[in-house]
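Here's structure-v7.txt, which has compact mmCIF, C-alpha atoms:
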# COMPACT_ATOMS: atom_id res chain seq x y z
CA MET A 128 18.62 -62.46 -37.86
CA ALA A 129 18.60 -66.19 -37.02
CA ASP A 130 21.29 -66.87 -39.64
CA ALA A 131 23.49 -64.11 -38.20
CA ALA A 132 23.10 -65.53 -34.68
CA ALA A 133 23.97 -69.02 -35.89
CA THR A 134 27.05 -67.71 -37.70
CA SER A 135 28.13 -65.81 -34.59
CA LEU A 136 27.72 -68.95 -32.45
CA GLU A 137 29.76 -71.04 -34.89
CA ALA A 138 32.51 -68.42 -34.88
CA ALA A 139 32.57 -68.38 -31.08
CA VAL A 140 32.79 -72.17 -30.95
CA GLU A 141 35.62 -72.15 -33.48
CA ARG A 142 37.59 -69.55 -31.50
CA SER A 143 37.10 -71.50 -28.26
CA ALA A 144 38.13 -74.73 -29.97
CA GLU A 145 41.29 -73.24 -31.40
CA ALA A 146 42.25 -71.90 -27.98
CA ALA A 147 41.55 -75.31 -26.40
CA LEU A 148 43.59 -77.32 -28.91
CA ASP A 149 46.93 -76.04 -27.62
CA ARG A 150 46.02 -76.93 -24.03
CA ILE A 151 44.81 -80.38 -25.06
CA GLY A 152 48.01 -81.03 -26.99
CA ALA A 153 50.10 -79.93 -24.01
CA ALA A 154 48.04 -82.18 -21.70
CA ARG A 155 48.56 -85.24 -23.92
CA ALA A 156 52.27 -84.55 -24.18
CA ALA A 157 52.57 -84.18 -20.39
CA ILE A 158 50.70 -87.45 -19.80
CA GLU A 159 52.82 -89.33 -22.34
CA THR A 160 56.03 -88.32 -20.55
CA VAL A 161 54.86 -90.56 -17.70
CA ILE A 162 52.59 -93.17 -19.38
CA PHE A 163 54.41 -94.99 -22.18
CA GLY A 164 52.94 -97.01 -25.04
CA GLN A 165 49.28 -96.53 -24.13
CA ALA A 166 48.21 -93.86 -26.62
CA ARG A 167 44.74 -95.34 -27.15
CA VAL A 168 44.12 -95.68 -23.42
CA VAL A 169 45.23 -92.08 -22.80
CA GLU A 170 43.01 -90.86 -25.64
CA GLU A 171 39.95 -92.71 -24.33
CA ALA A 172 40.56 -91.55 -20.76
CA LEU A 173 40.90 -87.93 -21.88
CA ALA A 174 37.80 -88.24 -24.08
CA THR A 175 35.87 -89.58 -21.07
CA LEU A 176 36.82 -86.57 -18.95
CA LEU A 177 36.24 -84.04 -21.76
CA ALA A 178 32.79 -85.56 -22.25
CA GLY A 179 32.08 -85.10 -18.53
CA GLY A 180 31.77 -88.82 -17.80
CA HIS A 181 33.21 -91.62 -15.68
CA GLY A 182 35.53 -94.39 -16.85
CA LEU A 183 36.11 -98.04 -15.95
CA LEU A 184 39.74 -99.12 -16.50
CA VAL A 185 40.06 -102.89 -16.95
CA GLY A 186 43.44 -104.60 -17.04
CA VAL A 187 45.74 -107.02 -15.28
CA PRO A 188 47.94 -105.72 -12.41
CA GLY A 189 51.05 -103.72 -13.22
CA LEU A 190 49.85 -101.87 -16.33
CA ALA A 191 49.97 -98.37 -14.74
CA LYS A 192 46.22 -97.92 -14.30
CA THR A 193 46.70 -96.23 -10.94
CA ARG A 194 49.56 -94.13 -12.27
CA LEU A 195 47.44 -93.04 -15.23
CA VAL A 196 44.68 -91.75 -12.97
CA GLU A 197 47.16 -89.96 -10.72
CA THR A 198 48.83 -88.42 -13.78
CA LEU A 199 45.50 -87.25 -15.19
CA GLY A 200 44.69 -85.53 -11.91
CA THR A 201 48.06 -83.76 -11.84
CA VAL A 202 48.09 -82.71 -15.50
CA LEU A 203 44.49 -81.47 -15.48
CA GLY A 204 44.91 -79.70 -12.14
CA LEU A 205 42.19 -81.69 -10.37
CA ASP A 206 41.89 -82.50 -6.68
CA GLY A 207 42.33 -86.26 -6.82
CA ARG A 208 41.82 -88.91 -4.17
CA ARG A 209 42.11 -92.68 -4.13
CA VAL A 210 40.00 -95.31 -2.37
CA GLN A 211 41.25 -98.90 -2.25
CA PHE A 212 38.09 -101.01 -2.35
CA THR A 213 38.11 -104.04 -0.06
CA PRO A 214 35.38 -106.44 1.13
CA ASP A 215 35.15 -104.72 4.52
CA LEU A 216 34.82 -101.18 3.11
CA MET A 217 31.58 -99.50 4.24
CA PRO A 218 29.56 -96.72 2.52
CA ALA A 219 30.53 -94.25 5.27
CA ASP A 220 34.20 -94.85 4.40
CA ILE A 221 33.47 -93.31 0.99
CA LEU A 222 30.70 -90.77 1.62
CA GLY A 223 31.66 -89.57 5.09
CA SER A 224 29.71 -89.62 8.35
CA GLU A 225 28.36 -87.44 11.11
CA VAL A 226 30.35 -87.22 14.33
CA LEU A 227 29.11 -85.99 17.69
CA GLU A 228 31.05 -83.04 19.04
CA GLU A 229 30.90 -81.30 22.39
CA SER A 230 31.68 -77.60 22.64
CA ALA A 231 33.45 -75.82 25.48
CA ASP A 232 30.09 -75.00 27.07
CA HIS A 233 29.15 -78.71 26.94
CA LYS A 234 26.66 -78.36 24.08
CA ARG A 235 26.57 -81.34 21.75
CA SER A 236 25.98 -81.24 18.02
CA PHE A 237 26.63 -83.34 14.96
CA ARG A 238 29.19 -82.31 12.36
CA PHE A 239 29.47 -83.93 8.93
CA VAL A 240 32.98 -85.15 8.09
CA LYS A 241 33.35 -85.47 4.34
CA GLY A 242 34.64 -88.72 2.88
CA PRO A 243 37.09 -89.14 -0.01
CA ILE A 244 34.26 -88.96 -2.55
CA PHE A 245 34.38 -85.18 -2.15
CA ALA A 246 37.09 -84.84 -4.79
CA GLN A 247 37.18 -83.71 -8.38
CA LEU A 248 38.77 -86.97 -9.54
CA LEU A 249 38.06 -90.08 -7.48
CA MET A 250 39.99 -93.25 -8.17
CA ALA A 251 38.01 -96.32 -7.10
CA ASP A 252 40.74 -98.94 -7.11
CA GLU A 253 39.55 -102.54 -7.68
CA ILE A 254 35.94 -101.47 -7.35
CA ASN A 255 34.61 -105.01 -7.71
CA ARG A 256 36.24 -106.07 -4.43
CA ALA A 257 33.72 -104.09 -2.37
CA SER A 258 30.30 -105.43 -1.39
CA PRO A 259 27.20 -104.36 -3.37
CA ARG A 260 26.15 -102.16 -0.44
CA THR A 261 29.36 -100.14 -0.76
CA GLN A 262 29.28 -100.13 -4.56
CA SER A 263 25.80 -98.65 -4.44
CA ALA A 264 27.14 -95.71 -2.44
CA LEU A 265 28.64 -94.47 -5.72
CA LEU A 266 25.42 -94.76 -7.76
CA GLN A 267 23.76 -91.53 -6.65
CA ALA A 268 27.03 -89.63 -6.73
CA MET A 269 27.95 -90.73 -10.26
CA GLN A 270 24.53 -89.86 -11.68
CA GLU A 271 23.29 -86.93 -9.60
CA TYR A 272 26.56 -85.39 -8.35
CA HIS A 273 25.46 -85.21 -4.72
CA VAL A 274 25.18 -87.59 -1.77
CA SER A 275 22.65 -87.89 1.03
CA VAL A 276 23.83 -88.59 4.57
CA ALA A 277 21.42 -88.59 7.55
CA GLY A 278 18.76 -87.08 5.32
CA GLU A 279 20.91 -84.12 4.31
CA ARG A 280 22.06 -83.38 0.77
CA HIS A 281 25.74 -82.64 0.20
CA ASP A 282 26.80 -81.44 -3.25
CA LEU A 283 30.00 -82.79 -4.77
CA PRO A 284 32.69 -80.49 -6.17
CA SER A 285 32.77 -79.51 -9.83
CA PRO A 286 33.92 -81.15 -11.94
CA PHE A 287 33.38 -84.63 -10.47
CA HIS A 288 34.67 -87.76 -12.17
CA VAL A 289 35.12 -91.37 -11.11
CA LEU A 290 37.83 -93.48 -12.72
CA ALA A 291 37.50 -97.01 -11.40
CA THR A 292 39.84 -99.95 -11.97
CA GLN A 293 39.04 -103.63 -12.21
CA ASN A 294 41.18 -106.75 -12.49
CA PRO A 295 39.66 -109.11 -15.12
CA LEU A 296 41.64 -112.17 -13.98
CA GLU A 297 41.27 -112.70 -10.25
CA GLN A 298 37.53 -112.96 -9.64
CA GLU A 299 37.52 -115.03 -6.43
CA GLY A 300 36.04 -113.02 -3.57
CA THR A 301 34.82 -110.23 -5.83
CA TYR A 302 31.36 -108.77 -6.45
CA PRO A 303 30.67 -108.12 -10.16
CA LEU A 304 29.27 -104.67 -10.81
CA PRO A 305 25.51 -104.68 -11.47
CA GLU A 306 24.23 -103.50 -14.84
CA ALA A 307 22.77 -100.32 -13.30
CA GLN A 308 26.20 -99.22 -12.13
CA LEU A 309 28.04 -100.30 -15.26
CA ASP A 310 25.71 -98.09 -17.27
CA ARG A 311 26.91 -95.08 -15.27
CA PHE A 312 30.38 -95.45 -16.79
CA LEU A 313 30.71 -93.58 -20.07
CA MET A 314 33.39 -96.00 -21.28
CA GLN A 315 35.02 -99.27 -20.38
CA ILE A 316 38.68 -98.73 -21.20
CA ASP A 317 40.67 -101.93 -21.66
CA VAL A 318 44.36 -101.51 -20.74
CA PRO A 319 46.57 -103.93 -22.74
CA TYR A 320 50.20 -104.95 -22.28
CA PRO A 321 52.68 -102.43 -23.76
CA ASP A 322 54.56 -103.33 -26.92
CA ARG A 323 58.27 -104.21 -26.83
CA ALA A 324 59.53 -100.69 -27.59
CA ALA A 325 57.32 -99.14 -24.91
CA GLU A 326 58.34 -101.76 -22.35
CA LYS A 327 62.02 -101.08 -23.09
CA ARG A 328 61.41 -97.39 -22.48
CA ILE A 329 59.66 -98.25 -19.20
CA LEU A 330 62.74 -100.23 -18.10
CA LEU A 331 65.14 -97.44 -18.98
CA GLU A 332 63.18 -94.49 -17.56
CA THR A 333 61.63 -95.91 -14.39
CA THR A 334 64.48 -97.89 -12.83
CA GLY A 335 67.12 -95.17 -12.64
CA ALA A 336 68.00 -92.58 -10.04
CA SER A 337 65.16 -90.32 -11.22
CA THR A 338 61.77 -91.04 -12.69
CA PRO A 339 59.61 -88.85 -14.95
CA ALA A 340 57.05 -86.70 -13.16
CA ALA A 341 53.88 -85.12 -14.49
CA ARG A 342 53.26 -81.38 -14.40
CA ALA A 343 50.03 -79.41 -14.40
CA VAL A 344 49.14 -77.75 -17.71
CA MET A 345 45.59 -76.65 -16.91
CA GLY A 346 43.12 -76.31 -14.06
CA ALA A 347 39.63 -77.46 -13.17
CA ASP A 348 38.10 -74.31 -14.69
CA ASP A 349 39.89 -74.99 -17.98
CA LEU A 350 38.55 -78.55 -18.04
CA MET A 351 34.98 -77.39 -17.38
CA ALA A 352 35.30 -74.81 -20.17
CA MET A 353 36.37 -77.59 -22.54
CA GLN A 354 33.47 -79.75 -21.40
CA ARG A 355 31.08 -76.91 -22.29
CA LEU A 356 32.84 -76.55 -25.64
CA VAL A 357 32.40 -80.28 -26.37
CA ARG A 358 28.63 -79.90 -25.95
CA ARG A 359 28.61 -76.99 -28.40
CA LEU A 360 30.48 -78.74 -31.22
CA PRO A 361 28.17 -79.44 -34.17
CA VAL A 362 27.24 -83.01 -35.08
CA GLY A 363 26.24 -83.77 -38.66
CA GLU A 364 23.01 -85.56 -39.52
CA MET A 365 24.94 -88.52 -40.96
CA VAL A 366 26.81 -88.98 -37.68
CA ILE A 367 23.59 -88.78 -35.65
CA GLU A 368 21.98 -91.40 -37.87
CA ALA A 369 25.09 -93.60 -37.58
CA ILE A 370 24.89 -93.45 -33.78
CA LEU A 371 21.19 -94.34 -33.82
CA ASP A 372 21.72 -97.16 -36.31
CA LEU A 373 24.58 -98.62 -34.26
CA VAL A 374 22.85 -98.48 -30.87
CA ARG A 375 19.49 -99.72 -32.09
CA SER A 376 21.04 -102.53 -34.14
CA ALA A 377 22.62 -103.87 -30.92
CA ARG A 378 19.22 -104.50 -29.31
CA PRO A 379 17.43 -107.84 -29.57
CA GLY A 380 14.60 -107.69 -32.09
CA GLU A 381 15.75 -104.50 -33.81
CA GLY A 382 18.95 -105.29 -35.71
CA ASP A 383 20.12 -108.06 -38.02
CA SER A 384 18.82 -111.29 -36.52
CA ALA A 385 22.08 -113.06 -37.40
CA VAL A 386 23.78 -110.81 -34.83
CA THR A 387 21.04 -109.93 -32.34
CA ARG A 388 20.11 -113.58 -31.71
CA HIS A 389 23.34 -113.73 -29.71
CA ILE A 390 22.44 -110.69 -27.53
CA ALA A 391 20.52 -111.15 -24.28
CA TRP A 392 20.09 -107.42 -23.69
CA GLY A 393 21.48 -104.39 -25.46
CA PRO A 394 22.39 -100.74 -24.88
CA GLY A 395 19.79 -98.15 -23.88
CA PRO A 396 19.50 -94.45 -24.76
CA ARG A 397 22.34 -93.58 -22.36
CA ALA A 398 24.71 -95.39 -24.76
CA ALA A 399 23.60 -93.12 -27.61
CA GLN A 400 24.08 -90.07 -25.38
CA ALA A 401 27.56 -91.30 -24.49
CA LEU A 402 28.45 -91.72 -28.17
CA MET A 403 27.20 -88.21 -29.00
CA LEU A 404 29.44 -86.67 -26.33
CA ALA A 405 32.46 -88.95 -26.70
CA THR A 406 32.67 -88.59 -30.50
CA ARG A 407 32.76 -84.81 -30.09
CA ALA A 408 35.50 -85.12 -27.46
CA ARG A 409 37.53 -87.47 -29.68
CA ALA A 410 37.23 -85.06 -32.60
CA LEU A 411 38.51 -82.22 -30.41
CA LEU A 412 41.43 -84.38 -29.23
CA ASP A 413 42.25 -84.98 -32.90
CA GLY A 414 42.14 -81.26 -33.71
CA ARG A 415 38.79 -81.35 -35.50
CA LEU A 416 35.68 -79.26 -34.81
CA ALA A 417 33.08 -81.90 -35.69
CA PRO A 418 32.94 -85.70 -35.27
CA SER A 419 32.77 -88.19 -38.12
CA LYS A 420 31.45 -91.70 -38.60
CA ALA A 421 35.03 -92.91 -38.03
CA ASP A 422 34.80 -91.55 -34.47
CA VAL A 423 31.60 -93.53 -33.93
CA ALA A 424 33.27 -96.72 -35.15
CA ALA A 425 36.38 -96.12 -33.02
CA LEU A 426 34.37 -95.57 -29.82
CA ALA A 427 31.70 -98.21 -30.40
CA GLU A 428 33.49 -100.93 -28.43
CA PRO A 429 34.50 -98.98 -25.27
CA ILE A 430 31.04 -97.43 -25.02
CA LEU A 431 28.86 -100.44 -25.87
CA LYS A 432 30.62 -103.53 -24.52
CA HIS A 433 29.72 -103.01 -20.85
CA ARG A 434 26.13 -102.24 -21.83
CA MET A 435 25.48 -105.57 -23.58
CA ALA A 436 25.25 -109.22 -22.56
CA LEU A 437 25.47 -112.45 -24.54
CA THR A 438 22.95 -115.25 -24.41
CA PHE A 439 24.02 -118.57 -22.93
CA ALA A 440 23.95 -120.16 -26.40
CA ALA A 441 26.20 -117.42 -27.80
CA ARG A 442 28.78 -117.97 -25.05
CA ALA A 443 28.67 -121.71 -25.73
CA GLU A 444 29.35 -121.01 -29.42
CA GLY A 445 32.38 -118.88 -28.57
CA GLU A 446 30.89 -115.52 -29.49
CA THR A 447 32.23 -112.39 -27.79
CA ILE A 448 30.86 -108.89 -27.25
CA PRO A 449 33.80 -107.20 -29.06
CA GLY A 450 33.29 -109.58 -31.99
CA LEU A 451 29.61 -108.71 -32.28
CA ILE A 452 30.32 -104.98 -32.01
CA ALA A 453 32.89 -105.32 -34.80
CA LYS A 454 30.21 -106.85 -37.03
CA LEU A 455 27.80 -104.01 -36.18
CA THR A 456 30.37 -101.31 -37.00
CA GLU A 457 31.19 -102.81 -40.39
CA THR A 458 28.14 -101.03 -41.78
CA LEU A 459 29.59 -97.63 -40.76
CA ALA A 460 32.51 -97.90 -43.19
Translate the structure of the given file into structure tokens.
Amino acid sequence: MADAAATSLEAAVERSAEAALDRIGAARAAIETVIFGQARVVEEALATLLAGGHGLLVGVPGLAKTRLVETLGTVLGLDGRRVQFTPDLMPADILGSEVLEESADHKRSFRFVKGPIFAQLLMADEINRASPRTQSALLQAMQEYHVSVAGERHDLPSPFHVLATQNPLEQEGTYPLPEAQLDRFLMQIDVPYPDRAAEKRILLETTGASTPAARAVMGADDLMAMQRLVRRLPVGEMVIEAILDLVRSARPGEGDSAVTRHIAWGPGPRAAQALMLATRARALLDGRLAPSKADVAALAEPILKHRMALTFAARAEGETIPGLIAKLTETLA
């Protein structure tokens, strides 16, 4: 009886996956008609959303980070909003506030006016420019999917995702994100410069009389169905052990001392959870129904690098977080 139920569940997952693959392919194609030469960035952003998480986009100005988030919202059929973070931004500017209203019969009452956080896809542009007080307004929302204003709980829409951007160059007048908030981001997605061919295409297609526009290929319900599917995809024992080995080897005192002596603090269990979900999402994006150790190796850097810190001595010796993660993933080959 148990074997029959397991077989039936596997068959249902396979049917759902096959139906989802066409939509995912159409979504990627629609995004790539607007975003050129950033295939890895698009893949990681889509994997973040399919896994039900939040993403931190890091790159210099002018690399289409904002356009990517807007395109994702359009293609996936999500209600998207944008908040430009500035030093004078207050928590109420994000969450909303209560306003006093007077009715026709002169009775006064408070009414809650929702802020821009009540969206399915929130773009937090240059998040590190806001003060810690304002940054913390996102903490509860990103983890618990509701906010509290004047003692009242207000649930956020489903699905709810935050894609934040950050400029790695200009740090004057900014407030670095605390570790507690960084850990809420499933991935840190680095956005590089496009290659020559992609930049030529950008010149030709975005400076003419018309520019490419994204189109919706699915809706919020379709995305949530795919998120449920991701959680149902099977994960082999070898992949689970690879995730555990990778995460635990990045912690001081647990891995190879030649590597961990450079690490001040390492990733916690949330990093392992992120890898479990993101590897499934990446497999689905690649048309597979189960993740492999190659998925773990490919996602190790975007998932671990914002959850680790180097010692002072390691920085003095020129070590980098990506370099250490590369050494840790060598054992997965």
Quiz item: What lies within 10 Å of Ala440 in chain A using all atoms listed in the file, ignoring chain neighbours under 6 positions off, as a list in words?
Solution: Arg388, His389, Ile390, Ala391 and Glu446 of chain A
Self-check item: CA of Ala251 in chain A to CA of Val187 in chain A, straight-line distance in Å
Solution: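 Calculated distance between CA of Val187 in chain A and CA of Ala251 in chain A is 15.5 Å.
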Practice problem: Quote the spacing between CA of Ala408 in chain A and CA of Ile316 in chain A in Å to one decimal place. | Solution: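 Separation of CA of Ala408 in chain A and CA of Ile316 in chain A: 15.3 Å.
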Exercise. Skip range 305-307 of chain A itself and residues of its chain fewer than 5 positions away, then list as number ranges by chain all residues within 12 Å of it, counting all atoms listed in the file.
Key: A: 254-255, 258-260, 262-263, 265-267, 269-270, 312, 392-395, 397, 432-436
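Within 10 Å of Thr213 in chain A, once only C-alpha atoms are used and residues closer than 6 positions along the same chain are dropped, the contacting residues are Asp252, Glu253, Ile254, Asn255, Arg256, Ala257, Ser258, Thr261, Gly300 and Thr301 of chain A.
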Quiz item: Do you have the CA of Leu248 in chain A-CA of Ser285 in chain A distance handy?
Solution: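 Separation of CA of Leu248 in chain A and CA of Ser285 in chain A: 9.6 Å.
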Exercise. Return the single residue from A:Ala291, A:Leu371, A:Leu431, A:Val423 that is closest to Ile452 in chain A, with distances computed using only C-alpha atoms.
Key: A:Leu431
Quiz item: With only C-alpha atoms as the basis for distance, which of A:Ala398, A:Ala405, A:Ala153, A:Ala421 is at the shortest distance from Arg378 in chain A?
Solution: A:Ala398
Exercise. Would you please work out which residue, of A:Leu304, A:Ala341, A:Met403, A:Val374, is nearest to Ala156 in chain A when using only C-alpha atoms?
Key: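 When distances to Ala156 in chain A are compared using only C-alpha atoms, the smallest one comes from A:Ala341.
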Exercise. Skip Leu459 in chain A itself and residues of its chain fewer than 2 positions away, then list as an NGL selection string all residues within 9 Å of it, counting all atoms listed in the file.
Key: :A and (369 or 373 or 420-421 or 423-424 or 455-457)
Practice problem: Name the closest residue to Gln354 in chain A among the candidates A:Pro243, A:Pro379, A:Gly179, A:Gly414; distances are taken between atoms, counting only C-alpha atoms. | Solution: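 Smallest distance to Gln354 in chain A is found for A:Gly179.
Using all atoms listed in the file, the smallest distance between any of A:Gln315, A:Lys192, A:Leu404, A:Ala336 and Glu428 in chain A comes from A:Gln315.
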Quiz prompt | Using only C-alpha atoms: which of A:Thr338, A:Asp372, A:Leu426, A:Ala146 has the shortest distance to Glu170 in chain A | solution =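 Result for the nearest residue to Glu170 in chain A: A:Leu426.
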